[in-house]
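This is run-v2.pdb. It holds PDB, C-alpha atoms.
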ATOM      1  CA  MET A 145       9.177  11.978 -28.771  1.00  0.00           C
ATOM      2  CA  GLU A 146       6.067  12.565 -26.669  1.00  0.00           C
ATOM      3  CA  ILE A 147       3.220  14.936 -27.469  1.00  0.00           C
ATOM      4  CA  TRP A 148       1.402  16.519 -24.523  1.00  0.00           C
ATOM      5  CA  ASP A 149      -1.993  18.168 -24.272  1.00  0.00           C
ATOM      6  CA  ILE A 150      -1.885  21.798 -23.151  1.00  0.00           C
ATOM      7  CA  TYR A 151      -4.196  23.033 -20.392  1.00  0.00           C
ATOM      8  CA  ASP A 152      -4.901  26.501 -19.049  1.00  0.00           C
ATOM      9  CA  LYS A 153      -4.338  27.490 -15.405  1.00  0.00           C
ATOM     10  CA  ASP A 154      -7.792  26.170 -14.482  1.00  0.00           C
ATOM     11  CA  ARG A 155      -6.995  22.775 -16.019  1.00  0.00           C
ATOM     12  CA  ASN A 156      -9.214  23.271 -19.040  1.00  0.00           C
ATOM     13  CA  PHE A 157      -7.930  21.569 -22.172  1.00  0.00           C
ATOM     14  CA  THR A 158      -7.015  24.258 -24.710  1.00  0.00           C
ATOM     15  CA  GLY A 159      -7.274  22.000 -27.765  1.00  0.00           C
ATOM     16  CA  LYS A 160      -3.538  22.529 -28.363  1.00  0.00           C
ATOM     17  CA  THR A 161      -0.567  20.208 -27.946  1.00  0.00           C
ATOM     18  CA  MET A 162       3.165  20.572 -27.602  1.00  0.00           C
ATOM     19  CA  VAL A 163       6.150  18.327 -28.239  1.00  0.00           C
ATOM     20  CA  GLU A 164       8.356  17.233 -25.351  1.00  0.00           C
ATOM     21  CA  GLY A 165      11.409  19.467 -25.168  1.00  0.00           C
ATOM     22  CA  GLU A 166       9.706  22.548 -26.615  1.00  0.00           C
ATOM     23  CA  LYS A 167       9.611  25.693 -24.539  1.00  0.00           C
ATOM     24  CA  PHE A 168       6.301  26.039 -22.727  1.00  0.00           C
ATOM     25  CA  PRO A 169       4.150  28.785 -24.246  1.00  0.00           C
ATOM     26  CA  GLN A 170       2.966  31.499 -21.869  1.00  0.00           C
ATOM     27  CA  GLY A 171       0.034  30.208 -19.798  1.00  0.00           C
ATOM     28  CA  ALA A 172       0.508  26.591 -20.913  1.00  0.00           C
ATOM     29  CA  PHE A 173       0.344  23.701 -18.458  1.00  0.00           C
ATOM     30  CA  HIS A 174       0.626  19.920 -18.797  1.00  0.00           C
ATOM     31  CA  LEU A 175      -0.322  16.890 -16.727  1.00  0.00           C
ATOM     32  CA  VAL A 176       2.002  14.604 -14.753  1.00  0.00           C
ATOM     33  CA  VAL A 177       0.828  11.508 -12.864  1.00  0.00           C
ATOM     34  CA  HIS A 178       2.213   9.383 -10.039  1.00  0.00           C
ATOM     35  CA  VAL A 179       0.959   6.138  -8.577  1.00  0.00           C
ATOM     36  CA  CYS A 180       2.018   5.286  -5.027  1.00  0.00           C
ATOM     37  CA  ILE A 181       1.291   1.683  -4.140  1.00  0.00           C
ATOM     38  CA  PHE A 182       1.272   0.634  -0.485  1.00  0.00           C
ATOM     39  CA  ASN A 183       1.019  -2.905   0.830  1.00  0.00           C
ATOM     40  CA  SER A 184      -1.083  -4.035   3.799  1.00  0.00           C
ATOM     41  CA  GLN A 185       1.974  -3.617   6.061  1.00  0.00           C
ATOM     42  CA  GLY A 186       2.027   0.102   5.255  1.00  0.00           C
ATOM     43  CA  LYS A 187       5.146   0.028   3.055  1.00  0.00           C
ATOM     44  CA  MET A 188       5.384   1.855  -0.272  1.00  0.00           C
ATOM     45  CA  LEU A 189       6.608   0.173  -3.422  1.00  0.00           C
ATOM     46  CA  ILE A 190       9.561   2.240  -4.681  1.00  0.00           C
ATOM     47  CA  GLN A 191      11.617   2.035  -7.855  1.00  0.00           C
ATOM     48  CA  HIS A 192      15.302   2.568  -8.517  1.00  0.00           C
ATOM     49  CA  ARG A 193      15.827   4.686 -11.616  1.00  0.00           C
ATOM     50  CA  GLN A 194      18.366   3.537 -14.184  1.00  0.00           C
ATOM     51  CA  PRO A 195      21.806   5.238 -13.984  1.00  0.00           C
ATOM     52  CA  PHE A 196      21.523   6.454 -17.596  1.00  0.00           C
ATOM     53  CA  LYS A 197      18.235   8.350 -17.038  1.00  0.00           C
ATOM     54  CA  GLU A 198      18.514  12.055 -17.904  1.00  0.00           C
ATOM     55  CA  ARG A 199      16.601  13.240 -14.827  1.00  0.00           C
ATOM     56  CA  TRP A 200      17.370  11.900 -11.344  1.00  0.00           C
ATOM     57  CA  PRO A 201      19.636   9.034 -12.523  1.00  0.00           C
ATOM     58  CA  ASN A 202      20.427   6.186 -10.138  1.00  0.00           C
ATOM     59  CA  LEU A 203      18.058   7.456  -7.426  1.00  0.00           C
ATOM     60  CA  TRP A 204      15.063   5.810  -5.803  1.00  0.00           C
ATOM     61  CA  ASP A 205      11.604   7.217  -6.545  1.00  0.00           C
ATOM     62  CA  LEU A 206       7.914   6.701  -5.845  1.00  0.00           C
ATOM     63  CA  THR A 207       6.236   3.632  -7.368  1.00  0.00           C
ATOM     64  CA  VAL A 208       5.688   5.066 -10.876  1.00  0.00           C
ATOM     65  CA  GLY A 209       5.289   8.420 -12.553  1.00  0.00           C
ATOM     66  CA  GLY A 210       5.341  10.202 -15.859  1.00  0.00           C
ATOM     67  CA  ARG A 211       3.719  12.744 -18.125  1.00  0.00           C
ATOM     68  CA  ALA A 212       0.300  12.255 -19.648  1.00  0.00           C
ATOM     69  CA  GLN A 213       0.452  11.975 -23.419  1.00  0.00           C
ATOM     70  CA  ALA A 214      -1.912  13.731 -25.798  1.00  0.00           C
ATOM     71  CA  GLY A 215      -5.393  12.290 -25.430  1.00  0.00           C
ATOM     72  CA  ASP A 216      -4.693  10.717 -22.024  1.00  0.00           C
ATOM     73  CA  SER A 217      -6.959  11.351 -19.083  1.00  0.00           C
ATOM     74  CA  SER A 218      -5.170  11.452 -15.744  1.00  0.00           C
ATOM     75  CA  SER A 219      -6.339   7.948 -14.835  1.00  0.00           C
ATOM     76  CA  LYS A 220      -5.408   6.511 -18.260  1.00  0.00           C
ATOM     77  CA  ALA A 221      -1.933   8.045 -17.969  1.00  0.00           C
ATOM     78  CA  ALA A 222      -1.528   6.518 -14.489  1.00  0.00           C
ATOM     79  CA  GLU A 223      -2.630   3.104 -15.767  1.00  0.00           C
ATOM     80  CA  ARG A 224      -0.238   3.371 -18.729  1.00  0.00           C
ATOM     81  CA  GLU A 225       2.728   4.388 -16.552  1.00  0.00           C
ATOM     82  CA  ALA A 226       2.133   1.498 -14.126  1.00  0.00           C
ATOM     83  CA  PHE A 227       1.983  -0.948 -17.023  1.00  0.00           C
ATOM     84  CA  GLU A 228       4.979   0.501 -18.898  1.00  0.00           C
ATOM     85  CA  GLU A 229       7.306   0.778 -15.912  1.00  0.00           C
ATOM     86  CA  LEU A 230       6.268  -2.291 -13.888  1.00  0.00           C
ATOM     87  CA  GLY A 231       4.113  -4.455 -16.155  1.00  0.00           C
ATOM     88  CA  LEU A 232       1.309  -3.890 -13.632  1.00  0.00           C
ATOM     89  CA  LYS A 233      -2.290  -3.659 -14.856  1.00  0.00           C
ATOM     90  CA  LEU A 234      -4.432  -1.280 -12.811  1.00  0.00           C
ATOM     91  CA  ASN A 235      -8.034  -0.269 -13.335  1.00  0.00           C
ATOM     92  CA  LEU A 236      -8.394   3.391 -12.404  1.00  0.00           C
ATOM     93  CA  GLN A 237     -11.498   3.969 -14.504  1.00  0.00           C
ATOM     94  CA  ASN A 238     -13.788   6.458 -12.745  1.00  0.00           C
ATOM     95  CA  VAL A 239     -11.113   7.100 -10.089  1.00  0.00           C
ATOM     96  CA  ARG A 240      -9.936  10.606  -9.297  1.00  0.00           C
ATOM     97  CA  PRO A 241      -6.434  11.303  -7.989  1.00  0.00           C
ATOM     98  CA  SER A 242      -6.074  11.353  -4.219  1.00  0.00           C
ATOM     99  CA  LEU A 243      -4.016  14.528  -4.382  1.00  0.00           C
ATOM    100  CA  THR A 244      -3.133  17.150  -7.002  1.00  0.00           C
ATOM    101  CA  ILE A 245      -0.206  19.528  -6.623  1.00  0.00           C
ATOM    102  CA  ASN A 246       0.267  22.478  -8.933  1.00  0.00           C
ATOM    103  CA  PHE A 247       3.752  23.284 -10.177  1.00  0.00           C
ATOM    104  CA  ASP A 248       5.159  25.952 -12.503  1.00  0.00           C
ATOM    105  CA  TYR A 249       4.150  24.239 -15.753  1.00  0.00           C
ATOM    106  CA  GLY A 250       1.459  21.819 -14.774  1.00  0.00           C
ATOM    107  CA  PHE A 251      -0.588  19.632 -12.523  1.00  0.00           C
ATOM    108  CA  ASP A 252       0.861  16.672 -10.623  1.00  0.00           C
ATOM    109  CA  ASP A 253      -1.812  14.018  -9.859  1.00  0.00           C
ATOM    110  CA  TYR A 254      -1.095  11.389  -7.208  1.00  0.00           C
ATOM    111  CA  TYR A 255      -3.005   8.120  -6.968  1.00  0.00           C
ATOM    112  CA  LEU A 256      -2.637   6.302  -3.640  1.00  0.00           C
ATOM    113  CA  ILE A 257      -3.420   2.601  -3.801  1.00  0.00           C
ATOM    114  CA  GLU A 258      -3.203  -0.247  -1.328  1.00  0.00           C
ATOM    115  CA  LYS A 259      -2.363  -3.493  -3.090  1.00  0.00           C
ATOM    116  CA  ASN A 260      -0.234  -6.453  -2.089  1.00  0.00           C
ATOM    117  CA  ILE A 261       2.020  -7.255  -5.020  1.00  0.00           C
ATOM    118  CA  ASP A 262       4.440 -10.118  -5.538  1.00  0.00           C
ATOM    119  CA  LEU A 263       7.530  -8.223  -6.712  1.00  0.00           C
ATOM    120  CA  SER A 264       8.861 -11.270  -8.569  1.00  0.00           C
ATOM    121  CA  ARG A 265       5.862 -11.041 -10.944  1.00  0.00           C
ATOM    122  CA  LEU A 266       6.598  -7.465 -12.030  1.00  0.00           C
ATOM    123  CA  LYS A 267       8.101  -6.832 -15.452  1.00  0.00           C
ATOM    124  CA  LEU A 268      10.420  -3.849 -15.062  1.00  0.00           C
ATOM    125  CA  GLN A 269      10.963  -1.521 -18.011  1.00  0.00           C
ATOM    126  CA  ASP A 270      14.720  -1.686 -18.729  1.00  0.00           C
ATOM    127  CA  GLU A 271      14.823   1.916 -19.992  1.00  0.00           C
ATOM    128  CA  GLU A 272      13.388   3.278 -16.740  1.00  0.00           C
ATOM    129  CA  VAL A 273      13.655   0.958 -13.731  1.00  0.00           C
ATOM    130  CA  SER A 274      16.569  -1.133 -12.451  1.00  0.00           C
ATOM    131  CA  GLU A 275      14.866  -2.616  -9.359  1.00  0.00           C
ATOM    132  CA  VAL A 276      11.942  -2.239  -6.972  1.00  0.00           C
ATOM    133  CA  LYS A 277      11.385  -2.871  -3.282  1.00  0.00           C
ATOM    134  CA  TRP A 278       9.002  -2.141  -0.416  1.00  0.00           C
ATOM    135  CA  ALA A 279      10.062   0.646   1.976  1.00  0.00           C
ATOM    136  CA  THR A 280       8.714   2.238   5.125  1.00  0.00           C
ATOM    137  CA  LYS A 281       8.236   5.980   5.536  1.00  0.00           C
ATOM    138  CA  GLU A 282      11.305   6.061   7.785  1.00  0.00           C
ATOM    139  CA  GLU A 283      13.427   4.206   5.232  1.00  0.00           C
ATOM    140  CA  ILE A 284      12.441   6.621   2.469  1.00  0.00           C
ATOM    141  CA  ILE A 285      13.181   9.663   4.637  1.00  0.00           C
ATOM    142  CA  SER A 286      16.580   8.178   5.515  1.00  0.00           C
ATOM    143  CA  MET A 287      17.235   7.599   1.800  1.00  0.00           C
ATOM    144  CA  ILE A 288      16.391  11.257   1.124  1.00  0.00           C
ATOM    145  CA  ASP A 289      18.833  12.289   3.884  1.00  0.00           C
ATOM    146  CA  HIS A 290      21.538  10.099   2.305  1.00  0.00           C
ATOM    147  CA  LYS A 291      20.820  11.472  -1.202  1.00  0.00           C
ATOM    148  CA  GLU A 292      19.701   8.031  -2.432  1.00  0.00           C
ATOM    149  CA  PHE A 293      16.102   9.114  -3.140  1.00  0.00           C
ATOM    150  CA  ILE A 294      14.757  11.976  -5.258  1.00  0.00           C
ATOM    151  CA  PRO A 295      14.794  14.961  -2.874  1.00  0.00           C
ATOM    152  CA  TYR A 296      11.076  15.279  -2.206  1.00  0.00           C
ATOM    153  CA  HIS A 297      10.190  17.296   0.872  1.00  0.00           C
ATOM    154  CA  LYS A 298      10.153  14.858   3.762  1.00  0.00           C
ATOM    155  CA  SER A 299       6.824  16.310   4.894  1.00  0.00           C
ATOM    156  CA  PHE A 300       5.408  15.344   1.488  1.00  0.00           C
ATOM    157  CA  ILE A 301       6.500  11.718   1.946  1.00  0.00           C
ATOM    158  CA  GLU A 302       4.874  11.791   5.389  1.00  0.00           C
ATOM    159  CA  LEU A 303       1.676  13.172   3.821  1.00  0.00           C
ATOM    160  CA  LEU A 304       1.559  10.357   1.260  1.00  0.00           C
ATOM    161  CA  PHE A 305       1.869   7.762   4.014  1.00  0.00           C
ATOM    162  CA  ASP A 306      -0.676   9.559   6.216  1.00  0.00           C
ATOM    163  CA  MET A 307      -3.189   9.830   3.343  1.00  0.00           C
ATOM    164  CA  ARG A 308      -2.898   6.260   2.104  1.00  0.00           C
ATOM    165  CA  LYS A 309      -6.144   5.155   3.763  1.00  0.00           C
ATOM    166  CA  ALA A 310      -7.978   8.460   3.424  1.00  0.00           C
ATOM    167  CA  MET A 311     -11.119   9.002   1.418  1.00  0.00           C
ATOM    168  CA  GLY A 312     -10.387   8.942  -2.283  1.00  0.00           C
ATOM    169  CA  CYS A 313      -7.655   6.323  -2.004  1.00  0.00           C
ATOM    170  CA  ILE A 314      -8.149   2.969  -3.626  1.00  0.00           C
ATOM    171  CA  ILE A 315      -8.024  -0.075  -1.378  1.00  0.00           C
ATOM    172  CA  ARG A 316      -7.522  -3.327  -3.260  1.00  0.00           C
ATOM    173  CA  ASP A 317      -7.075  -6.913  -2.071  1.00  0.00           C
TER     174      ASP A 317
END
Mind turning the file's structure into structure tokens?
Amino acid sequence: MEIWDIYDKDRNFTGKTMVEGEKFPQGAFHLVVHVCIFNSQGKMLIQHRQPFKERWPNLWDLTVGGRAQAGDSSSKAAEREAFEELGLKLNLQNVRPSLTINFDYGFDDYYLIEKNIDLSRLKLQDEEVSEVKWATKEEIISMIDHKEFIPYHKSFIELLFDMRKAMGCIIRD
């Protein structure tokens, strides 16, 4: 059972927390993070979600993502998710997200990173991820069309690919 920090609409920490599964109090927001890793060939690392996952089972998704836990900064939550889901250590200290999207109950931070990774060295979290692979923008859009990928807006996927070398993105290697 996860505990989340509660923020106000301006992303100020309220000093309150809530337990996953509780109904969101009026005016309460929480933080979600995603890390999108691209290689030097311009492909994104994507993960296949386990078939027994409650949300979006058996579909492909962005590299990693999850909710920040109580006490997590955005960057710490992104580091934790990358390590938990893929066994990948990232240093995002002093790094801001490349993009933040507001949704009904929170803030969705996206970190865009360029890093060549040997997929055979990743340690996939059995409870979350069944496999990973590199995919082009066109492959991901085709997977969305064929209902094999979480149904993000295709224009959003295009934006992620277009922004991957923009200011604020982290270039490694």
Where does range 205-300 of chain A meet range 184-190 of chain A within 7 Å, residue by residue, with the nearest atom pair and distance in Å to one decimal for each, counting all atoms listed in the file, listed by chain and rising number, as a Markdown table?
| residue | atom | partner | partner_atom | distance |
| --- | --- | --- | --- | --- |
| A:Asp205 | CA | A:Ile190 | CA | 5.7 |
| A:Leu206 | CA | A:Ile190 | CA | 4.9 |
| A:Thr207 | CA | A:Ile190 | CA | 4.5 |
| A:Glu258 | CA | A:Ser184 | CA | 6.7 |
| A:Asn260 | CA | A:Ser184 | CA | 6.4 |
| A:Val276 | CA | A:Ile190 | CA | 5.6 |
| A:Lys277 | CA | A:Ile190 | CA | 5.6 |
| A:Trp278 | CA | A:Leu189 | CA | 4.5 |
| A:Ala279 | CA | A:Lys187 | CA | 5.1 |
| A:Thr280 | CA | A:Lys187 | CA | 4.7 |
Distance CA of Val177 in chain A-CA of Asp253 in chain A, one decimal place?
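Computed distance, CA of Val177 in chain A to CA of Asp253 in chain A, equals 4.7 Å.
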Might you spell out which residues the PyMOL selection byres ((chain A and resi 283-297) around 7) would select in the displayed file, as a list in words?
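Written out, the selection comes to Trp200, Leu203, Trp204, Asp205, Ala279, Thr280, Lys281, Glu282, Lys298, Ser299, Phe300 and Ile301 of chain A.
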On this structure, which residues satisfy the PyMOL selection byres ((chain A and resi 238) around 12), written as an NGL selection string?
:A and (217-220 or 235-237 or 239-241 or 312 or 314)
Considering all atoms listed in the file, can you say which of A:Ser242, A:Lys267, A:Gln213, A:Ser274 comes closest to Leu303 in chain A?
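Closest to Leu303 in chain A, using all atoms listed in the file: A:Ser242.
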Could you give me, as a list in words, the residues within 12 Å of Pro169 in chain A, counting only C-alpha atoms and dropping anything in the same chain fewer than 3 positions from it?
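Near Pro169 in chain A, the qualifying residues are Ile150, Tyr151, Asp152, Lys160, Thr161, Met162, Val163, Gly165, Glu166, Ala172, Phe173, His174 and Tyr249 of chain A.
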May I ask for the distance between CA of Ile257 in chain A and CA of Val179 in chain A, given in Å to one decimal place?
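Calculated distance between CA of Ile257 in chain A and CA of Val179 in chain A is 7.4 Å.
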Counting only C-alpha atoms, which of A:Lys197, A:His192, A:Arg155, A:Arg265 gets nearest to Gly231 in chain A?
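Of the candidates, the smallest distance to Gly231 in chain A is held by A:Arg265.
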Of A:Glu229, A:Glu272, A:Asp216, A:Glu198, the one sitting nearest Glu146 in chain A when using all atoms listed in the file is A:Asp216
Could you work out how far CA of Ile181 in chain A lies from CA of Asp262 in chain A, giving the answer in Å with one decimal?
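CA of Asp262 in chain A sits 12.3 Å away from CA of Ile181 in chain A.
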Shortest interatomic distance to Thr158 in chain A - which of A:Leu232, A:Glu302, A:Ala221, A:Gly171, counting only C-alpha atoms
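The closest residue to Thr158 in chain A is A:Gly171.
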Using all atoms listed in the file, pick whichever of A:Glu271, A:Gln191, A:Phe196, A:Ala214 has the shortest atom-to-atom distance to Glu164 in chain A.
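Using all atoms listed in the file, the shortest distance to Glu164 in chain A belongs to A:Ala214.
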Identify which of the residues A:Ala226, A:Met307, A:Ile245, A:Phe182 lies closest to Leu266 in chain A, counting only C-alpha atoms when measuring atom-to-atom distances.
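Answer, going by the shortest atom-to-atom distance: A:Ala226.
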